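Text of the file query06.tsv, holding TSV, C-alpha atoms and all ligand atoms:
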```
chain	number	residue	atom	x	y	z
T	129	MET	CA	69.21	38.08	9.05
T	130	LEU	CA	67.18	39.25	12.04
T	131	ARG	CA	70.23	38.90	14.27
T	132	THR	CA	72.20	41.19	11.95
T	133	PHE	CA	69.29	43.63	11.96
T	134	PHE	CA	69.23	43.87	15.76
T	135	VAL	CA	73.05	44.08	16.00
T	136	LYS	CA	72.93	46.99	13.51
T	137	LEU	CA	70.14	48.61	15.54
T	138	SER	CA	72.26	48.20	18.69
T	139	GLU	CA	74.90	50.44	17.07
T	140	ASN	CA	72.51	53.25	16.08
T	141	ARG	CA	73.27	56.25	18.32
T	142	THR	CA	70.15	58.29	17.41
T	143	ILE	CA	67.69	55.54	18.28
T	144	ARG	CA	69.78	54.70	21.34
T	145	GLY	CA	69.55	58.27	22.72
T	146	PHE	CA	65.81	58.39	22.14
T	147	ALA	CA	65.09	54.93	23.56
T	148	GLU	CA	67.18	55.31	26.70
T	149	ARG	CA	65.41	58.54	27.65
T	150	SER	CA	61.87	57.28	27.05
T	151	ALA	CA	59.71	55.73	29.76
T	152	VAL	CA	58.36	53.15	27.29
T	153	GLY	CA	61.91	52.11	26.43
T	154	GLN	CA	62.75	51.59	30.08
T	155	LYS	CA	59.64	49.50	30.59
T	156	LEU	CA	60.40	47.39	27.51
T	157	SER	CA	63.94	46.65	28.67
T	158	SER	CA	62.99	45.80	32.25
T	159	ARG	CA	62.77	42.07	31.53
T	160	PHE	CA	66.53	41.93	30.88
T	161	VAL	CA	67.84	44.94	32.81
T	162	ALA	CA	67.55	45.10	36.61
T	163	GLY	CA	66.79	48.84	36.77
T	164	THR	CA	68.71	52.06	36.44
T	165	SER	CA	70.18	52.49	39.97
T	166	ILE	CA	72.69	50.71	42.19
T	167	GLN	CA	69.86	50.16	44.70
T	168	ALA	CA	67.87	48.27	42.08
T	169	ALA	CA	70.93	46.17	41.23
T	170	VAL	CA	71.52	45.38	44.92
T	171	ALA	CA	67.89	44.32	45.36
T	172	ALA	CA	68.07	42.07	42.29
T	173	THR	CA	71.34	40.57	43.56
T	174	GLN	CA	69.83	39.82	46.95
T	175	SER	CA	66.89	37.98	45.40
T	176	VAL	CA	69.16	35.96	43.10
T	177	ASN	CA	71.47	35.13	46.04
T	178	LYS	CA	68.42	33.93	48.00
T	179	LEU	CA	67.75	31.46	45.20
T	180	GLY	CA	71.21	29.98	45.73
T	181	MET	CA	72.97	31.64	42.80
T	182	HIS	CA	76.04	33.88	42.51
T	183	VAL	CA	75.88	37.17	40.62
T	184	SER	CA	78.06	39.27	38.35
T	185	LEU	CA	77.00	42.93	38.28
T	186	ASP	CA	77.39	44.94	35.10
T	187	ASN	CA	76.81	48.67	34.96
T	188	LEU	CA	75.59	49.01	31.41
T	189	GLY	CA	77.46	51.28	29.07
T	190	GLU	CA	79.90	51.05	26.18
T	191	ASN	CA	81.85	53.26	23.81
T	192	VAL	CA	82.13	56.34	26.06
T	193	THR	CA	83.55	59.26	24.09
T	194	ASN	CA	85.54	61.23	26.69
T	195	ALA	CA	87.68	60.80	29.79
T	196	GLU	CA	85.11	62.36	32.10
T	197	GLU	CA	82.47	59.76	31.20
T	198	ALA	CA	85.02	56.98	31.68
T	199	HIS	CA	85.88	58.22	35.16
T	200	GLU	CA	82.19	58.52	36.04
T	201	SER	CA	81.71	54.87	35.00
T	202	ALA	CA	84.66	53.87	37.16
T	203	VAL	CA	83.23	55.63	40.23
T	204	LEU	CA	80.03	53.65	39.82
T	205	TYR	CA	81.99	50.40	39.77
T	206	GLU	CA	83.86	51.45	42.93
T	207	GLN	CA	80.48	52.02	44.58
T	208	ILE	CA	79.29	48.59	43.43
T	209	LEU	CA	82.35	46.89	44.93
T	210	ASP	CA	81.76	48.81	48.18
T	211	GLU	CA	78.12	47.67	48.23
T	212	ILE	CA	79.18	44.07	47.64
T	213	GLY	CA	81.57	44.34	50.60
T	214	THR	CA	79.28	46.09	53.08
T	215	ARG	CA	76.17	44.10	52.27
T	216	GLN	CA	78.14	40.87	51.87
T	217	LEU	CA	76.56	40.12	48.52
T	218	ASP	CA	77.61	36.97	46.73
T	219	ALA	CA	78.66	38.90	43.63
T	220	ASN	CA	81.55	40.09	41.52
T	221	VAL	CA	81.63	42.65	38.68
T	222	SER	CA	81.84	42.57	34.89
T	223	VAL	CA	83.22	45.55	32.97
T	224	LYS	CA	83.43	46.54	29.33
T	225	LEU	CA	86.66	48.26	28.35
T	226	THR	CA	84.96	50.68	25.97
T	227	HIS	CA	82.87	51.78	28.96
T	228	MET	CA	86.12	52.59	30.77
T	229	GLY	CA	87.36	54.77	27.89
T	230	PHE	CA	89.29	52.19	25.82
T	231	ASP	CA	88.46	54.10	22.60
T	232	VAL	CA	89.45	57.43	24.13
T	233	ASP	CA	92.79	56.52	25.71
T	234	GLU	CA	93.90	52.93	26.09
T	235	LYS	CA	96.33	53.67	28.92
T	236	MET	CA	93.62	55.51	30.87
T	237	ALA	CA	91.25	52.54	30.53
T	238	GLN	CA	94.00	50.21	31.68
T	239	ASP	CA	94.63	52.39	34.76
T	240	ILE	CA	90.93	52.58	35.58
T	241	VAL	CA	90.40	48.84	35.33
T	242	GLY	CA	93.71	48.29	37.15
T	243	GLU	CA	92.38	50.30	40.08
T	244	LEU	CA	89.18	48.29	40.12
T	245	VAL	CA	91.11	45.02	40.13
T	246	ALA	CA	93.36	46.28	42.95
T	247	ARG	CA	90.26	47.29	44.90
T	248	ALA	CA	88.70	43.85	44.35
T	249	ALA	CA	91.95	42.15	45.40
T	250	ALA	CA	92.06	44.17	48.64
T	251	MET	CA	88.55	43.07	49.70
T	252	GLN	CA	87.96	40.40	52.34
T	253	PRO	CA	87.24	37.90	50.90
T	254	LYS	CA	88.97	38.86	47.64
T	255	ASN	CA	86.61	39.88	44.86
T	256	PHE	CA	86.90	39.53	41.09
T	257	VAL	CA	86.66	41.68	37.97
T	258	ARG	CA	85.59	40.02	34.72
T	259	VAL	CA	86.58	41.94	31.61
T	260	ASP	CA	83.78	41.36	29.09
T	261	MET	CA	84.75	40.73	25.47
T	262	GLU	CA	83.46	43.08	22.78
T	263	GLY	CA	83.75	42.96	18.97
T	264	SER	CA	86.85	41.58	17.21
T	265	PRO	CA	88.70	44.93	16.84
T	266	TYR	CA	89.11	44.74	20.62
T	267	THR	CA	89.99	41.05	21.07
T	268	GLN	CA	93.78	41.20	21.16
T	269	ARG	CA	93.96	44.47	23.07
T	270	THR	CA	91.49	43.19	25.67
T	271	LEU	CA	93.42	39.97	26.20
T	272	ASP	CA	96.70	41.93	26.45
T	273	LEU	CA	95.16	44.09	29.14
T	274	VAL	CA	93.88	41.11	31.13
T	275	HIS	CA	97.30	39.41	30.94
T	276	HIS	CA	99.01	42.61	32.04
T	277	LEU	CA	96.71	43.20	35.03
T	278	HIS	CA	96.87	39.56	36.08
T	279	ASP	CA	100.70	39.75	36.11
T	280	LEU	CA	100.73	42.63	38.61
T	281	PRO	CA	101.53	41.62	42.19
T	282	GLY	CA	98.48	40.69	44.27
T	283	ASN	CA	96.09	40.53	41.30
T	284	SER	CA	96.32	36.84	40.49
T	285	GLY	CA	92.88	35.24	40.56
T	286	CYS	CA	91.13	38.64	40.76
T	287	VAL	CA	90.80	39.40	37.05
T	288	GLY	CA	89.44	37.21	34.28
T	289	ALA	CA	88.78	37.17	30.54
T	290	VAL	CA	85.97	36.18	28.17
T	291	ILE	CA	86.48	33.91	25.17
T	292	GLN	CA	84.00	33.72	22.29
T	293	ALA	CA	83.55	30.29	20.74
T	294	TYR	CA	82.65	31.74	17.31
T	295	LEU	CA	86.19	33.08	16.77
T	296	PHE	CA	88.72	30.79	15.05
T	297	ARG	CA	91.51	32.13	17.29
T	298	SER	CA	89.87	31.14	20.60
T	299	GLU	CA	91.67	27.86	21.29
T	300	LYS	CA	95.06	29.58	21.09
T	301	ASP	CA	93.86	32.43	23.30
T	302	ILE	CA	92.65	29.86	25.83
T	303	GLU	CA	96.04	28.13	25.85
T	304	GLU	CA	97.77	31.42	26.65
T	305	LEU	CA	95.33	32.30	29.42
T	306	LEU	CA	95.49	28.83	30.94
T	307	ALA	CA	99.29	28.96	31.01
T	308	LYS	CA	98.82	31.65	33.68
T	309	ARG	CA	95.74	30.04	35.25
T	310	ILE	CA	93.61	33.05	34.32
T	311	ARG	CA	89.88	32.46	34.82
T	312	ILE	CA	87.84	32.38	31.62
T	313	ARG	CA	84.17	32.86	30.80
T	314	LEU	CA	83.31	30.95	27.66
T	315	CYS	CA	80.42	32.31	25.58
T	316	LYS	CA	79.36	31.83	21.97
T	317	GLY	CA	79.84	35.52	21.07
T	318	ALA	CA	77.29	38.29	20.62
T	319	TYR	CA	78.67	40.43	17.78
T	320	LYS	CA	78.52	40.17	13.99
T	321	GLU	CA	81.90	38.87	12.80
T	322	ALA	CA	83.21	38.18	9.30
T	323	GLY	CA	83.60	34.71	7.79
T	324	ASP	CA	87.38	34.92	7.62
T	325	ILE	CA	87.71	35.13	11.42
T	326	ALA	CA	84.59	33.50	12.82
T	327	TYR	CA	82.32	30.50	12.34
T	328	GLN	CA	79.04	31.54	10.72
T	329	GLN	CA	76.92	28.43	11.22
T	330	LYS	CA	75.30	27.78	14.61
T	331	SER	CA	76.32	24.11	14.36
T	332	GLU	CA	80.00	25.10	13.97
T	333	VAL	CA	79.88	27.57	16.84
T	334	ASP	CA	78.19	24.97	19.04
T	335	ALA	CA	80.76	22.28	18.19
T	336	ASN	CA	83.60	24.67	19.02
T	337	TYR	CA	81.85	25.72	22.23
T	338	VAL	CA	81.68	22.12	23.46
T	339	ARG	CA	85.29	21.43	22.47
T	340	LEU	CA	86.56	24.54	24.28
T	341	ALA	CA	84.33	23.92	27.31
T	342	LYS	CA	85.92	20.51	27.76
T	343	ILE	CA	89.40	22.07	27.67
T	344	LEU	CA	88.38	24.57	30.34
T	345	MET	CA	86.67	21.99	32.55
T	346	SER	CA	89.74	19.74	32.49
T	347	SER	CA	92.14	22.58	33.33
T	348	GLY	CA	91.84	22.66	37.11
T	349	VAL	CA	91.08	26.41	36.99
T	350	TYR	CA	87.64	27.71	37.99
T	351	HIS	CA	85.91	28.87	34.79
T	352	GLY	CA	82.42	29.99	33.76
T	353	LEU	CA	80.38	28.39	31.00
T	354	ALA	CA	78.06	31.16	29.84
T	355	THR	CA	75.16	29.86	27.79
T	356	HIS	CA	71.41	29.31	27.85
T	357	ASP	CA	71.69	26.52	25.33
T	358	GLU	CA	70.40	23.33	26.92
T	359	SER	CA	72.42	21.19	24.54
T	360	MET	CA	75.69	22.92	25.58
T	361	ILE	CA	74.74	22.53	29.23
T	362	GLU	CA	73.76	18.86	28.88
T	363	GLN	CA	77.08	18.07	27.18
T	364	ALA	CA	79.04	19.90	29.88
T	365	VAL	CA	77.15	18.08	32.63
T	366	ALA	CA	77.72	14.70	30.94
T	367	PHE	CA	81.44	15.48	30.55
T	368	ALA	CA	81.73	16.54	34.21
T	369	LYS	CA	80.10	13.27	35.27
T	370	THR	CA	82.26	10.97	33.14
T	371	GLU	CA	85.48	12.83	33.98
T	372	LYS	CA	84.50	13.09	37.66
T	373	ILE	CA	84.86	16.87	37.64
T	374	PRO	CA	83.14	18.10	40.83
T	375	PRO	CA	80.38	20.74	40.70
T	376	THR	CA	82.64	23.08	42.71
T	377	ALA	CA	85.21	23.15	39.87
T	378	PHE	CA	83.30	25.45	37.48
T	379	GLU	CA	80.08	27.42	37.13
T	380	PHE	CA	77.33	27.94	34.59
T	381	GLN	CA	76.50	31.55	33.83
T	382	MET	CA	73.27	32.99	32.44
T	383	LEU	CA	71.83	36.42	31.87
T	384	HIS	CA	69.27	38.03	34.17
T	385	GLY	CA	65.75	37.27	33.02
T	386	ILE	CA	66.70	34.52	30.57
T	387	ARG	CA	65.85	30.84	31.17
T	388	ARG	CA	65.18	31.31	34.87
T	389	ASP	CA	63.67	27.82	34.89
T	390	LEU	CA	66.95	26.33	33.68
T	391	GLN	CA	68.99	28.38	36.18
T	392	GLN	CA	66.94	26.95	39.05
T	393	LYS	CA	67.02	23.41	37.71
T	394	LEU	CA	70.82	23.51	37.62
T	395	VAL	CA	70.95	24.80	41.20
T	396	LEU	CA	68.62	22.03	42.36
T	397	ASP	CA	70.84	19.49	40.60
T	398	GLY	CA	73.81	20.81	42.62
T	399	TRP	CA	75.65	22.91	39.99
T	400	ASN	CA	77.06	26.39	40.54
T	401	VAL	CA	75.14	29.09	38.68
T	402	ARG	CA	76.05	32.77	38.31
T	403	VAL	CA	73.52	35.27	36.99
T	404	TYR	CA	74.84	38.27	35.08
T	405	ILE	CA	72.79	41.25	36.24
T	406	PRO	CA	73.00	44.35	34.06
T	407	PHE	CA	71.69	47.67	35.32
T	408	GLY	CA	72.00	51.35	34.50
T	409	THR	CA	70.64	54.01	32.22
T	410	GLU	CA	72.58	52.96	29.13
T	411	TRP	CA	70.76	49.74	28.46
T	412	TYR	CA	69.99	50.08	24.72
T	413	PRO	CA	72.86	48.22	22.94
T	414	TYR	CA	72.73	45.37	25.47
T	415	PHE	CA	68.97	45.03	25.08
T	416	MET	CA	69.15	45.02	21.27
T	417	ARG	CA	71.77	42.24	21.27
T	418	ARG	CA	69.47	40.14	23.48
T	419	LEU	CA	66.58	40.66	21.04
T	420	GLY	CA	68.89	39.67	18.19
T	421	GLU	CA	69.69	36.37	19.89
T	422	ARG	CA	66.05	35.45	20.04
T	423	PRO	CA	63.74	37.67	17.98
T	424	ALA	CA	60.74	36.05	19.74
T	425	ASN	CA	61.87	38.17	22.70
T	426	ALA	CA	60.76	41.27	20.84
T	427	LEU	CA	57.19	39.97	20.77
T	428	PHE	CA	57.50	38.89	24.38
T	429	VAL	CA	58.59	42.31	25.67
T	430	VAL	CA	55.94	44.12	23.67
T	431	LYS	CA	53.24	41.80	25.08
T	432	ASN	CA	54.51	42.53	28.60
T	433	LEU	CA	54.11	46.21	28.00
T	434	PHE	CA	50.37	45.76	27.97
T	435	ARG	CA	50.20	43.54	31.07
M	1	LIG	P1	72.08	30.44	21.51
M	1	LIG	O1	72.54	29.45	20.51
M	1	LIG	O2	72.04	31.88	21.11
M	1	LIG	O3	70.66	30.06	22.03
M	1	LIG	C1	70.33	28.76	22.50
M	1	LIG	C2	69.01	28.81	23.23
M	1	LIG	O4	69.17	29.60	24.41
M	1	LIG	C3	67.89	29.51	22.45
M	1	LIG	O5	67.24	28.63	21.60
M	1	LIG	C4	67.01	30.01	23.58
M	1	LIG	O6	66.23	28.96	24.09
M	1	LIG	C5	68.01	30.40	24.63
M	1	LIG	N1	68.41	31.81	24.51
M	1	LIG	C6	69.57	32.30	24.07
M	1	LIG	N2	69.59	33.65	24.10
M	1	LIG	C7	68.38	34.02	24.57
M	1	LIG	C8	67.77	35.26	24.81
M	1	LIG	N3	68.39	36.43	24.59
M	1	LIG	N4	66.51	35.25	25.28
M	1	LIG	C9	65.87	34.10	25.52
M	1	LIG	N5	66.39	32.88	25.30
M	1	LIG	C10	67.62	32.84	24.83
M	1	LIG	N6	78.98	37.74	24.53
M	1	LIG	C11	80.09	38.41	24.18
M	1	LIG	O7	80.35	38.55	22.98
M	1	LIG	N7	80.94	38.93	25.14
M	1	LIG	C12	80.71	38.76	26.47
M	1	LIG	O8	81.50	39.23	27.31
M	1	LIG	C13	79.55	38.03	26.87
M	1	LIG	N8	79.26	37.80	28.17
M	1	LIG	C14	78.21	36.99	28.49
M	1	LIG	C15	77.98	36.67	29.83
M	1	LIG	C16	76.98	35.76	30.16
M	1	LIG	C17	76.78	35.39	31.60
M	1	LIG	C18	76.16	35.19	29.13
M	1	LIG	C19	75.10	34.19	29.45
M	1	LIG	C20	76.36	35.54	27.84
M	1	LIG	C21	77.35	36.45	27.49
M	1	LIG	N9	77.55	36.83	26.17
M	1	LIG	C22	78.68	37.54	25.83
M	1	LIG	C23	76.53	36.53	25.12
M	1	LIG	C24	76.82	35.25	24.38
M	1	LIG	O9	77.96	35.40	23.58
M	1	LIG	C25	75.63	34.85	23.51
M	1	LIG	O10	75.39	35.86	22.58
M	1	LIG	C26	74.35	34.60	24.28
M	1	LIG	O11	74.60	33.97	25.51
M	1	LIG	C27	73.42	33.68	23.47
M	1	LIG	O12	74.03	32.45	23.22
M	1	LIG	P2	73.61	31.09	23.94
M	1	LIG	O13	74.85	30.40	24.33
M	1	LIG	O14	72.70	31.38	25.08
M	1	LIG	O15	72.95	30.21	22.83
```
What does the file become when written as structure tokens?
Ligand code: FAD
Amino acid sequence: MLRTFFVKLSENRTIRGFAERSAVGQKLSSRFVAGTSIQAAVAATQSVNKLGMHVSLDNLGENVTNAEEAHESAVLYEQILDEIGTRQLDANVSVKLTHMGFDVDEKMAQDIVGELVARAAAMQPKNFVRVDMEGSPYTQRTLDLVHHLHDLPGNSGCVGAVIQAYLFRSEKDIEELLAKRIRIRLCKGAYKEAGDIAYQQKSEVDANYVRLAKILMSSGVYHGLATHDESMIEQAVAFAKTEKIPPTAFEFQMLHGIRRDLQQKLVLDGWNVRVYIPFGTEWYPYFMRRLGERPANALFVVKNLFR
């Protein structure tokens, strides 16, 4: 119930506008968001890299309402890729299609992301654009876009998708992506989805997550297992050991500020870990979804406000 409450809050535009402009809001969100500027994101990336972990940078924002905003978001991503190149950061980028104007003009969003992927592919070494997955109205269209961009000459290996284990359709989507060796991030799924398309019980989502993770790990393509759930991680590690899948064959992914102890433990045990670092002024929906995943976080961030 609390999860639904926070997901609903994440969609409220009035509270969002107020929260994002307030100093208190920015302080509250700082545990999960690396700051509002590219400089802050670069600094956070450098400290995570020093700890032996890769990074994926996400300029926060979603559901832009006009072409101008979409182009502004794209320019920021171009700057991030430039920073990664010049400062030789161990990082790639994650983008949300609705941040690139998917709701305004699908073709425009495709062109914008296409340019980012081409830019990443032209870097030395080649970089990578992960297209985040949003709610189910976007699933098919997002996968179509990833397939399309991956098929363009020179882009192979430079664009990847996200699959949500709570959706019934995910195994079939994985099969289609694997047929082209497209890199996948597997997560449980952060939105509120209906019972006719998605598992509702945590136990069902977890079981599907483990099943799909095993398919990805056995595929010979480099994928990301995004979760903070120790049980998911333990089962993936056990599977890698029994199947003799080397630590270089896949990575674990976690969000900035969440289970930092577990991130470091995995690194010390020799596994690849990538930290997803969100930054930017439009942090509200992202922050609310994180609170919804673990309502104890709400108490935690409020306590920190007074420290
Ligand atoms: P859960 O079952 O939610 O939690 C298991 C345990 O993990 C909890 O008991 C707690 O100990 C810990 N934990 C989980 N969440 C938190 C938290 N917020 N704060 C503190 N502890 C926590 N979802 C999408 O729908 N689309 C995406 O593109 C997407 N990209 C992601 C990228 C990365 C790198 C990660 C890590 C997640 C992404 N997600 C995305 C979110 C994901 O779908 C889940 O909502 C989120 O990761 C919580 O699920 P979990 O696997 O961590 O396990």
For ligand LIG 1 (chain M), return the neighbouring residues as a ChimeraX atom specification (distance at most 9 Å; all atoms listed in the file). /T:160,184,222-224,258-263,289-294,313-319,330-331,333-334,337,352-360,380-387,402-405,415,417-425
Of the candidates T:Leu209, T:Ala195, T:Met251, T:Val274, which one gets nearest to Met236 of chain T if we count all atoms listed in the file? T:Ala195
Excluding segment 242-248 of chain T and residues on its chain fewer than 3 positions from it, collect all residues at most 10 Å away from it, counting all atoms listed in the file, and give them as a ChimeraX atom specification. /T:202-203,205-206,209-210,213,220-221,223,236-239,251-258,273-274,276-278,280-288
Could those selected residues go to a file with C-alpha atoms, as a PDB file, in the frame of the given file?
```pdb
ATOM      1  CA  ALA T 202      84.660  53.870  37.160  1.00  0.00           C
ATOM      2  CA  VAL T 203      83.230  55.630  40.230  1.00  0.00           C
ATOM      3  CA  TYR T 205      81.990  50.400  39.770  1.00  0.00           C
ATOM      4  CA  GLU T 206      83.860  51.450  42.930  1.00  0.00           C
ATOM      5  CA  LEU T 209      82.350  46.890  44.930  1.00  0.00           C
ATOM      6  CA  ASP T 210      81.760  48.810  48.180  1.00  0.00           C
ATOM      7  CA  GLY T 213      81.570  44.340  50.600  1.00  0.00           C
ATOM      8  CA  ASN T 220      81.550  40.090  41.520  1.00  0.00           C
ATOM      9  CA  VAL T 221      81.630  42.650  38.680  1.00  0.00           C
ATOM     10  CA  VAL T 223      83.220  45.550  32.970  1.00  0.00           C
ATOM     11  CA  MET T 236      93.620  55.510  30.870  1.00  0.00           C
ATOM     12  CA  ALA T 237      91.250  52.540  30.530  1.00  0.00           C
ATOM     13  CA  GLN T 238      94.000  50.210  31.680  1.00  0.00           C
ATOM     14  CA  ASP T 239      94.630  52.390  34.760  1.00  0.00           C
ATOM     15  CA  MET T 251      88.550  43.070  49.700  1.00  0.00           C
ATOM     16  CA  GLN T 252      87.960  40.400  52.340  1.00  0.00           C
ATOM     17  CA  PRO T 253      87.240  37.900  50.900  1.00  0.00           C
ATOM     18  CA  LYS T 254      88.970  38.860  47.640  1.00  0.00           C
ATOM     19  CA  ASN T 255      86.610  39.880  44.860  1.00  0.00           C
ATOM     20  CA  PHE T 256      86.900  39.530  41.090  1.00  0.00           C
ATOM     21  CA  VAL T 257      86.660  41.680  37.970  1.00  0.00           C
ATOM     22  CA  ARG T 258      85.590  40.020  34.720  1.00  0.00           C
ATOM     23  CA  LEU T 273      95.160  44.090  29.140  1.00  0.00           C
ATOM     24  CA  VAL T 274      93.880  41.110  31.130  1.00  0.00           C
ATOM     25  CA  HIS T 276      99.010  42.610  32.040  1.00  0.00           C
ATOM     26  CA  LEU T 277      96.710  43.200  35.030  1.00  0.00           C
ATOM     27  CA  HIS T 278      96.870  39.560  36.080  1.00  0.00           C
ATOM     28  CA  LEU T 280     100.730  42.630  38.610  1.00  0.00           C
ATOM     29  CA  PRO T 281     101.530  41.620  42.190  1.00  0.00           C
ATOM     30  CA  GLY T 282      98.480  40.690  44.270  1.00  0.00           C
ATOM     31  CA  ASN T 283      96.090  40.530  41.300  1.00  0.00           C
ATOM     32  CA  SER T 284      96.320  36.840  40.490  1.00  0.00           C
ATOM     33  CA  GLY T 285      92.880  35.240  40.560  1.00  0.00           C
ATOM     34  CA  CYS T 286      91.130  38.640  40.760  1.00  0.00           C
ATOM     35  CA  VAL T 287      90.800  39.400  37.050  1.00  0.00           C
ATOM     36  CA  GLY T 288      89.440  37.210  34.280  1.00  0.00           C
TER      37      GLY T 288
END
```
Would you mind listing what lies within 12 Å of Arg297 of chain T as an MDAnalysis selection string, with all atoms listed in the file counted and same-chain residues fewer than 4 positions away left out? chainID T and resid 264 267:268 291:293 301:304 324:327 336 340
Which residues come within 6 Å of Gly229 of chain T, counting only C-alpha atoms, excluding same-chain residues fewer than 3 positions away, as a PDB file with C-alpha atoms, in the frame of the given file?
```pdb
ATOM      1  CA  VAL T 192      82.130  56.340  26.060  1.00  0.00           C
ATOM      2  CA  ALA T 198      85.020  56.980  31.680  1.00  0.00           C
ATOM      3  CA  THR T 226      84.960  50.680  25.970  1.00  0.00           C
ATOM      4  CA  VAL T 232      89.450  57.430  24.130  1.00  0.00           C
ATOM      5  CA  ALA T 237      91.250  52.540  30.530  1.00  0.00           C
TER       6      ALA T 237
END
```
Suppose you want the space between atom CA of Lys178 of chain T and atom CA of Asp218 of chain T; what is it in Å?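 Pair atom CA of Lys178 of chain T / atom CA of Asp218 of chain T returns 9.8 Å.
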One number please: atom CA of Lys235 of chain T to atom CA of Glu197 of chain T, in Å, one decimal. 15.3 Å
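The interatomic distance for the pair atom CA of Val365 of chain T and atom CA of Leu394 of chain T works out to 9.7 Å.
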With only C-alpha atoms as the atoms that count, which of T:Asn140, T:Thr132, T:Gln216, T:Gln154 lies nearest to Trp411 of chain T?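 Of T:Asn140, T:Thr132, T:Gln216, T:Gln154, the one nearest Trp411 of chain T is T:Gln154, counting only C-alpha atoms.
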Please give the centre and size of the box around segment 324-339 of chain T (axis-aligned, containing every atom listed in the file, 4 Å added per side), with values in Å to one decimal and written as lines of an AutoDock Vina configuration file.
```
center_x = 81.5
center_y = 28.3
center_z = 15.5
size_x = 20.4
size_y = 21.7
size_z = 23.8
```
Which of these residues is nearest to Arg269 of chain T, using only C-alpha atoms: T:Leu225, T:Leu137, T:Ile373, T:Ala249? T:Leu225
Can you pull out every residue within 7 Å of Pro406 of chain T, counting all atoms listed in the file, but drop anything in the same chain fewer than 6 positions away, and send it as number ranges by chain? T: 161-162, 185-188
Measuring between only C-alpha atoms, which one of T:Leu295, T:Met181, T:Ser346, T:Gln391 shows the shortest distance to Ile361 of chain T?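 Among the listed residues, the smallest separation from Ile361 of chain T belongs to T:Gln391.
Of the residues listed (T:Leu271, T:Ile312, T:Ala322, T:Leu179), T:Leu179 shows the shortest atom-to-atom separation from Leu396 of chain T; distances use all atoms listed in the file.
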